[in-house]
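What follows is query-v2.tsv (TSV, C-alpha atoms).
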```tsv
chain	number	residue	atom	x	y	z
U	1	MET	CA	31.73	-43.49	13.54
U	2	ARG	CA	31.12	-40.76	16.10
U	3	LYS	CA	32.30	-38.16	13.57
U	4	TYR	CA	29.75	-39.37	11.03
U	5	LEU	CA	26.95	-39.35	13.61
U	6	ILE	CA	27.75	-35.73	14.49
U	7	LEU	CA	27.66	-34.79	10.80
U	8	ILE	CA	24.31	-36.54	10.37
U	9	VAL	CA	22.84	-34.71	13.39
U	10	ILE	CA	24.11	-31.34	12.10
U	11	SER	CA	22.70	-32.10	8.67
U	12	ILE	CA	19.29	-32.94	10.13
U	13	LEU	CA	19.24	-29.80	12.30
U	14	PHE	CA	20.26	-27.43	9.52
U	15	GLY	CA	18.07	-29.22	7.01
U	16	GLY	CA	15.12	-28.72	9.34
U	17	CYS	CA	15.92	-25.02	9.66
U	18	VAL	CA	16.13	-24.58	5.89
U	19	LYS	CA	12.86	-26.42	5.39
U	20	LYS	CA	11.16	-24.29	8.02
U	21	GLU	CA	12.56	-21.14	6.38
U	22	GLU	CA	11.29	-22.23	2.95
U	23	ASN	CA	7.80	-22.81	4.32
U	24	ARG	CA	7.53	-19.32	5.74
U	25	LEU	CA	5.59	-16.75	3.76
U	26	ILE	CA	7.69	-13.73	2.77
U	27	VAL	CA	5.62	-10.55	3.01
U	28	GLY	CA	6.75	-7.17	1.66
U	29	ILE	CA	5.47	-3.89	3.10
U	30	ILE	CA	6.04	-0.18	2.50
U	31	GLN	CA	7.46	0.92	5.83
U	32	PRO	CA	6.08	4.52	6.02
U	33	SER	CA	2.56	3.51	4.94
U	34	LEU	CA	-0.42	2.78	7.18
U	35	ASN	CA	-1.61	0.19	4.66
U	36	HIS	CA	-0.06	-2.69	6.62
U	37	LEU	CA	-1.60	-1.80	9.99
U	38	PRO	CA	-3.79	-4.96	9.99
U	39	LEU	CA	-0.65	-7.05	9.42
U	40	ASN	CA	1.13	-5.45	12.37
U	41	PHE	CA	-1.96	-5.79	14.52
U	42	GLY	CA	-2.53	-9.40	13.48
U	43	LEU	CA	1.03	-10.37	14.35
U	44	GLU	CA	0.75	-8.77	17.78
U	45	SER	CA	-2.77	-9.99	18.58
U	46	GLY	CA	-2.12	-13.57	17.52
U	47	ALA	CA	-4.46	-13.53	14.54
U	48	LEU	CA	-1.30	-14.16	12.51
U	49	GLU	CA	1.39	-16.52	13.78
U	50	LYS	CA	4.69	-14.63	13.90
U	51	GLU	CA	6.82	-17.69	13.20
U	52	ALA	CA	5.00	-18.28	9.90
U	53	TYR	CA	6.18	-15.05	8.23
U	54	ILE	CA	9.26	-13.18	7.16
U	55	ILE	CA	8.50	-9.45	6.90
U	56	LYS	CA	10.59	-7.40	4.48
U	57	ARG	CA	10.36	-3.63	4.65
U	58	PHE	CA	10.79	-1.21	1.75
U	59	SER	CA	10.78	2.58	1.55
U	60	SER	CA	8.45	2.92	-1.45
U	61	GLY	CA	5.93	1.15	-3.63
U	62	TRP	CA	8.26	0.76	-6.61
U	63	GLU	CA	10.88	-0.98	-4.45
U	64	THR	CA	8.25	-3.32	-3.05
U	65	ASN	CA	7.00	-4.06	-6.55
U	66	GLU	CA	10.48	-4.79	-7.86
U	67	ALA	CA	10.92	-7.35	-5.09
U	68	LEU	CA	7.55	-8.93	-5.87
U	69	VAL	CA	8.03	-9.36	-9.61
U	70	ALA	CA	11.56	-10.67	-8.98
U	71	GLY	CA	10.14	-13.35	-6.68
U	72	LYS	CA	12.08	-12.09	-3.66
U	73	ILE	CA	8.84	-11.86	-1.71
U	74	ASP	CA	5.68	-13.96	-1.95
U	75	ILE	CA	3.10	-11.35	-0.99
U	76	ALA	CA	3.01	-7.57	-0.94
U	77	ILE	CA	0.71	-4.91	0.44
U	78	MET	CA	1.01	-2.10	-2.06
U	79	PRO	CA	-0.82	0.26	-4.46
U	80	PHE	CA	-2.87	-1.63	-7.02
U	81	THR	CA	-1.52	0.47	-9.89
U	82	TYR	CA	1.79	-1.39	-9.82
U	83	ILE	CA	0.07	-4.76	-10.10
U	84	TRP	CA	-2.08	-3.75	-13.06
U	85	ASN	CA	1.03	-2.47	-14.80
U	86	ASP	CA	2.90	-5.68	-13.98
U	87	ILE	CA	0.15	-7.80	-15.49
U	88	SER	CA	0.07	-5.65	-18.61
U	89	ARG	CA	3.78	-6.53	-19.03
U	90	GLY	CA	3.20	-10.23	-18.57
U	91	LYS	CA	4.47	-10.47	-14.98
U	92	LYS	CA	3.16	-13.45	-13.01
U	93	VAL	CA	1.37	-11.71	-10.16
U	94	LYS	CA	-2.24	-11.45	-8.97
U	95	ILE	CA	-4.32	-9.25	-6.70
U	96	ILE	CA	-5.85	-11.55	-4.08
U	97	SER	CA	-7.75	-8.97	-2.03
U	98	PHE	CA	-8.44	-5.30	-1.61
U	99	LEU	CA	-7.30	-3.93	1.74
U	100	GLU	CA	-6.60	-0.26	2.48
U	101	ARG	CA	-9.06	2.37	1.28
U	102	GLU	CA	-9.10	6.16	1.23
U	103	SER	CA	-6.08	7.39	3.29
U	104	ASP	CA	-4.79	9.88	0.73
U	105	GLY	CA	-5.34	13.49	-0.24
U	106	ILE	CA	-3.67	16.75	-1.20
U	107	ILE	CA	-1.66	18.86	1.23
U	108	THR	CA	-0.63	22.35	0.21
U	109	LEU	CA	0.56	25.73	1.37
U	110	LYS	CA	-1.64	27.42	3.93
U	111	GLU	CA	-2.10	30.41	1.62
U	112	LEU	CA	-4.06	28.29	-0.84
U	113	LYS	CA	-7.62	28.17	0.49
U	114	ASP	CA	-9.56	26.53	-2.33
U	115	VAL	CA	-8.82	23.55	-4.57
U	116	ASN	CA	-9.28	25.75	-7.65
U	117	GLU	CA	-6.18	27.68	-6.54
U	118	LEU	CA	-4.14	24.56	-7.33
U	119	ASP	CA	-4.62	25.39	-11.02
U	120	GLY	CA	-1.18	25.99	-12.52
U	121	LYS	CA	0.66	24.93	-9.35
U	122	ARG	CA	3.33	22.22	-8.93
U	123	ILE	CA	2.20	19.04	-7.20
U	124	GLY	CA	4.58	16.31	-6.08
U	125	VAL	CA	3.67	12.68	-6.78
U	126	LEU	CA	5.24	9.21	-6.96
U	127	ARG	CA	5.26	8.19	-10.62
U	128	ALA	CA	2.71	5.49	-11.57
U	129	SER	CA	1.44	5.16	-8.00
U	130	THR	CA	-2.11	5.72	-6.80
U	131	LEU	CA	-0.94	9.16	-5.61
U	132	ASP	CA	-0.08	10.03	-9.20
U	133	LEU	CA	-3.24	8.60	-10.75
U	134	PHE	CA	-5.62	10.01	-8.14
U	135	ALA	CA	-4.10	13.46	-8.71
U	136	GLU	CA	-4.73	12.99	-12.44
U	137	ILE	CA	-8.36	11.98	-12.00
U	138	PHE	CA	-8.82	14.85	-9.52
U	139	GLN	CA	-7.75	17.31	-12.21
U	140	GLU	CA	-10.34	15.89	-14.58
U	141	GLU	CA	-13.12	15.99	-12.01
U	142	MET	CA	-12.31	19.57	-10.91
U	143	ASN	CA	-11.51	20.87	-14.41
U	144	ILE	CA	-8.15	22.30	-13.36
U	145	SER	CA	-4.57	21.58	-14.42
U	146	PHE	CA	-1.35	21.50	-12.43
U	147	GLU	CA	2.24	20.55	-13.11
U	148	MET	CA	3.17	17.07	-11.94
U	149	VAL	CA	6.56	16.84	-10.26
U	150	TYR	CA	7.74	13.25	-10.04
U	151	LEU	CA	9.65	12.30	-6.91
U	152	ARG	CA	11.25	9.03	-5.92
U	153	THR	CA	10.29	8.35	-2.30
U	154	PRO	CA	7.87	9.67	0.35
U	155	MET	CA	10.85	11.26	2.12
U	156	ASP	CA	11.79	13.10	-1.07
U	157	MET	CA	8.20	14.30	-1.36
U	158	ALA	CA	8.06	15.69	2.18
U	159	SER	CA	11.41	17.42	1.68
U	160	ALA	CA	10.30	18.97	-1.62
U	161	LEU	CA	7.20	20.53	-0.07
U	162	ARG	CA	9.06	21.88	2.95
U	163	LYS	CA	11.76	23.38	0.70
U	164	GLY	CA	9.21	25.01	-1.61
U	165	GLU	CA	10.21	22.89	-4.61
U	166	VAL	CA	6.52	22.02	-5.04
U	167	ASP	CA	3.35	23.82	-3.97
U	168	ALA	CA	1.45	20.70	-2.93
U	169	LEU	CA	1.71	16.94	-2.57
U	170	SER	CA	-0.61	14.10	-3.42
U	171	PHE	CA	0.17	12.24	-0.21
U	172	TYR	CA	-1.11	9.70	2.31
U	173	VAL	CA	-1.50	9.08	6.02
U	174	PRO	CA	0.23	9.25	8.35
U	175	PRO	CA	2.96	11.42	6.68
U	176	ILE	CA	0.36	13.85	5.31
U	177	LEU	CA	-0.58	14.70	8.91
U	178	LYS	CA	2.97	15.42	10.09
U	179	PHE	CA	3.52	18.81	8.47
U	180	ASP	CA	3.64	22.12	10.33
U	181	GLU	CA	-0.01	23.18	10.60
U	182	GLU	CA	0.99	26.84	10.57
U	183	LYS	CA	2.45	26.48	7.07
U	184	PHE	CA	0.51	23.66	5.41
U	185	HIS	CA	-2.98	22.19	5.39
U	186	ILE	CA	-4.91	19.35	3.76
U	187	ILE	CA	-7.04	20.98	1.09
U	188	HIS	CA	-8.71	17.83	-0.21
U	189	TRP	CA	-9.22	14.15	0.64
U	190	TYR	CA	-9.75	11.93	-2.41
U	191	SER	CA	-12.47	10.12	-0.47
U	192	GLU	CA	-14.62	13.23	-0.96
U	193	LEU	CA	-14.90	12.31	-4.65
U	194	PHE	CA	-14.59	8.54	-4.28
U	195	PRO	CA	-15.78	7.24	-0.89
U	196	LEU	CA	-14.16	3.95	0.16
U	197	HIS	CA	-12.03	3.88	-2.98
U	198	THR	CA	-9.39	1.17	-3.10
U	199	CYS	CA	-5.77	2.17	-2.70
U	200	CYS	CA	-3.48	-0.61	-1.51
U	201	ASP	CA	-4.24	-4.25	-2.21
U	202	ILE	CA	-2.77	-7.59	-1.24
U	203	ALA	CA	-0.90	-9.11	-4.17
U	204	ALA	CA	0.92	-12.41	-4.58
U	205	THR	CA	3.19	-14.07	-7.10
U	206	GLU	CA	1.71	-16.93	-9.10
U	207	GLN	CA	4.63	-19.04	-7.88
U	208	ALA	CA	3.60	-18.51	-4.26
U	209	LEU	CA	-0.06	-19.13	-5.10
U	210	ASN	CA	0.96	-22.49	-6.56
U	211	THR	CA	3.52	-23.58	-3.97
U	212	LYS	CA	2.35	-21.90	-0.76
U	213	SER	CA	-1.42	-22.01	-1.15
U	214	GLY	CA	-1.99	-23.26	2.39
U	215	GLN	CA	0.16	-20.55	3.93
U	216	ILE	CA	-1.55	-17.87	1.84
U	217	LYS	CA	-4.99	-19.12	2.86
U	218	ARG	CA	-4.03	-18.96	6.55
U	219	PHE	CA	-2.53	-15.50	5.98
U	220	MET	CA	-5.77	-14.25	4.46
U	221	GLN	CA	-7.83	-15.72	7.31
U	222	GLY	CA	-5.58	-14.01	9.84
U	223	MET	CA	-5.77	-10.70	7.98
U	224	GLU	CA	-9.57	-10.89	7.86
U	225	GLN	CA	-9.66	-11.49	11.61
U	226	ALA	CA	-7.31	-8.55	12.23
U	227	VAL	CA	-9.37	-6.25	9.98
U	228	ASP	CA	-12.58	-7.25	11.78
U	229	GLU	CA	-11.05	-6.49	15.18
U	230	ILE	CA	-9.77	-3.11	14.00
U	231	ASN	CA	-13.10	-2.15	12.43
U	232	ASN	CA	-15.14	-3.27	15.43
U	233	ASN	CA	-12.97	-1.47	17.96
U	234	PRO	CA	-12.01	2.05	16.84
U	235	GLN	CA	-10.14	2.73	20.07
U	236	VAL	CA	-8.01	-0.34	19.45
U	237	SER	CA	-7.18	0.91	15.95
U	238	TYR	CA	-6.09	4.32	17.33
U	239	GLU	CA	-3.81	2.67	19.86
U	240	ALA	CA	-2.41	0.31	17.23
U	241	ALA	CA	-1.62	3.18	14.84
U	242	ARG	CA	-0.01	5.15	17.67
U	243	GLU	CA	2.15	2.24	18.78
U	244	PHE	CA	3.20	0.76	15.43
U	245	TYR	CA	3.96	4.08	13.75
U	246	ASP	CA	5.18	6.04	16.78
U	247	LEU	CA	2.50	8.70	16.31
U	248	TYR	CA	1.03	11.23	18.66
U	249	TYR	CA	-2.42	10.05	19.71
U	250	HIS	CA	-4.28	12.81	17.84
U	251	VAL	CA	-2.34	12.01	14.64
U	252	ALA	CA	-3.09	8.29	15.05
U	253	LYS	CA	-6.78	9.02	15.55
U	254	GLN	CA	-7.00	11.32	12.55
U	255	SER	CA	-5.07	8.79	10.44
U	256	MET	CA	-7.57	6.08	11.22
U	257	HIS	CA	-10.48	8.48	10.64
U	258	ASN	CA	-9.21	8.88	7.06
U	259	THR	CA	-8.25	5.25	6.49
U	260	LYS	CA	-10.55	2.28	6.02
U	261	PHE	CA	-9.81	-1.43	5.71
U	262	VAL	CA	-12.18	-3.61	3.71
U	263	MET	CA	-11.07	-6.88	2.13
U	264	GLY	CA	-12.66	-9.03	-0.59
U	265	LEU	CA	-12.87	-8.64	-4.36
U	266	ALA	CA	-16.09	-6.70	-4.95
U	267	GLU	CA	-16.93	-6.07	-8.61
U	268	LYS	CA	-17.44	-2.32	-8.18
U	269	ASP	CA	-13.91	-2.00	-6.80
U	270	LYS	CA	-12.49	-3.98	-9.70
U	271	LEU	CA	-14.18	-1.53	-12.07
U	272	PHE	CA	-12.74	1.45	-10.16
U	273	GLU	CA	-9.25	0.01	-10.49
U	274	LYS	CA	-9.87	-0.64	-14.17
U	275	ARG	CA	-10.80	3.03	-14.60
U	276	ILE	CA	-7.56	4.10	-12.95
U	277	TYR	CA	-5.60	1.72	-15.16
U	278	GLU	CA	-7.06	3.38	-18.25
U	279	ILE	CA	-5.64	6.68	-16.95
U	280	MET	CA	-2.27	4.92	-16.65
U	281	ARG	CA	-2.52	4.05	-20.34
U	282	GLN	CA	-3.39	7.64	-21.19
U	283	LYS	CA	-0.28	8.80	-19.31
U	284	GLY	CA	1.90	6.29	-21.14
U	285	TYR	CA	2.69	4.13	-18.09
U	286	ALA	CA	1.13	1.12	-19.76
U	287	GLU	CA	0.28	0.27	-23.35
U	288	ASP	CA	-1.73	-2.93	-23.55
U	289	GLU	CA	-5.30	-3.52	-22.58
U	290	VAL	CA	-5.73	-5.84	-19.61
U	291	ASN	CA	-8.51	-8.37	-19.21
U	292	ILE	CA	-9.92	-7.63	-15.77
U	293	GLU	CA	-10.38	-11.37	-15.15
U	294	LYS	CA	-6.59	-11.87	-15.35
U	295	VAL	CA	-5.86	-9.41	-12.54
U	296	TYR	CA	-7.61	-11.03	-9.59
U	297	GLN	CA	-7.55	-14.44	-7.94
U	298	LYS	CA	-9.86	-15.37	-5.10
U	299	ILE	CA	-8.34	-17.44	-2.32
U	300	GLN	CA	-10.60	-20.40	-1.58
```
Let me see the structure of the file written as structure tokens.
Amino acid sequence: MRKYLILIVISILFGGCVKKEENRLIVGIIQPSLNHLPLNFGLESGALEKEAYIIKRFSSGWETNEALVAGKIDIAIMPFTYIWNDISRGKKVKIISFLERESDGIITLKELKDVNELDGKRIGVLRASTLDLFAEIFQEEMNISFEMVYLRTPMDMASALRKGEVDALSFYVPPILKFDEEKFHIIHWYSELFPLHTCCDIAATEQALNTKSGQIKRFMQGMEQAVDEINNNPQVSYEAAREFYDLYYHVAKQSMHNTKFVMGLAEKDKLFEKRIYEIMRQKGYAEDEVNIEKVYQKIQ
């Protein structure tokens, strides 16, 4: 009898642990990116309850996206281009909020003084990411043309520029600010052409939206609180960027100066993302038209 009681107790304890694990929201982030700063801040400030989440870290957007469409994570903070492409291929994912804005630009050799000098040069990008598409739309706006060099990870990109394998990078903060200032400089911020443009959104699987709606709602409320605190206290945002990303203070401050966080699903931002998706189709990354209404889902 005692043996059976022990087995029952163990079963209850482990069953409780499994149940608790299943109820936690699994969130995927791109480790080198500043796009998840509000998440980090929210977890530390208490706006988000640490015990409610499992955080999985990836080295690039495509890895994060693979995990999302495979259902290995419930939510991801990542470039919107991946989600649009997913939906065009029938994947069951939705964008539930915009989040990070601006934050990216072009860094190049110090000898190049003007953006027109990028004409004919090699620029490193991550294929099908916002860094790729923003570089494409930049060419159109500036009436220049450069050779796209497709690289796999942000680390590969940084290495390629330092080794001279490319002349410039379409890159993002904070890595774009970590290059030797005597050799490289930021020649253009995409925000100069498109102020407050969307970059990285919050996306979720339809499965999670159906089975973890309460957790997702609480997650969104916590994220909104964290974003408000960051936006209302610039000094707090500098310190948060410095601490979470192990940055020098001046790099953290400049990173936040070139990064904005605004949530919601404003119509003008949907149309901007639609425009970028059409460039994806032109480049052959996607074939089918996408009904804009199928991309987004508001969390009530």
Could you tell me which of U:Ile106, U:Ile202, U:Ile87, U:Ile216 comes closest to Tyr190 of chain U if we count only C-alpha atoms?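 Among the listed residues, U:Ile106 lies closest to Tyr190 of chain U.
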Nearest to Leu126 of chain U among U:Phe219, U:Trp189, U:Tyr150, U:Tyr172, with distances taken over all atoms listed in the file: which residue is it?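 Of U:Phe219, U:Trp189, U:Tyr150, U:Tyr172, the one nearest Leu126 of chain U is U:Tyr150, counting all atoms listed in the file.
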Find, counting only C-alpha atoms, the residue in U:Gly61, U:Gly222, U:Pro38, U:Gly124 that gets nearest to Phe261 of chain U. U:Pro38
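Of the residues under consideration (U:Ile55, U:Ile186, U:Met148, U:Ala160), U:Ile186 shows the shortest atom-to-atom contact distance to Asp114 of chain U when counting all atoms listed in the file.
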Choose the residue, out of U:Glu147, U:Glu239, U:Glu206, U:Asp104, that has the smallest atom-to-atom separation from Ala252 of chain U; count only C-alpha atoms.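 Closest to Ala252 of chain U of all the choices is U:Glu239.
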Spatial neighbours of Asn116 of chain U, 10 Å, all atoms listed in the file, chain gap at least 2 places, as an MDAnalysis selection string: chainID U and resid 112:114 118:120 139 142:145
Please, could you write that set of residues out with C-alpha atoms as a tab-separated table (two decimals), in the coordinates of the input?
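Output file selection_28.tsv follows:
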```tsv
chain	number	residue	atom	x	y	z
U	112	LEU	CA	-4.06	28.29	-0.84
U	113	LYS	CA	-7.62	28.17	0.49
U	114	ASP	CA	-9.56	26.53	-2.33
U	118	LEU	CA	-4.14	24.56	-7.33
U	119	ASP	CA	-4.62	25.39	-11.02
U	120	GLY	CA	-1.18	25.99	-12.52
U	139	GLN	CA	-7.75	17.31	-12.21
U	142	MET	CA	-12.31	19.57	-10.91
U	143	ASN	CA	-11.51	20.87	-14.41
U	144	ILE	CA	-8.15	22.30	-13.36
U	145	SER	CA	-4.57	21.58	-14.42
```
One decimal, in Å: what's the spacing between atom CA of Phe184 of chain U and atom CA of Phe146 of chain U?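 Computed distance, atom CA of Phe184 of chain U to atom CA of Phe146 of chain U, equals 18.1 Å.
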Interatomic distance (Å, one decimal) between atom CA of Val27 of chain U and atom CA of Tyr53 of chain U: 6.9 Å
Ranking U:Tyr82, U:Tyr296, U:Phe179, U:Phe58 by minimum distance to Leu209 of chain U and counting only C-alpha atoms, which one comes first? U:Tyr296
d(atom CA of Glu141 of chain U, atom CA of Phe194 of chain U) in Å: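 Between these atoms lies a distance of 10.8 Å.
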Could you list as a PyMOL selection string every residue that has an atom within 12 Å of (6.1, -13.2, 13.1), using the file's coordinates and counting only C-alpha atoms? chain U and resi 24-27+39-56+219
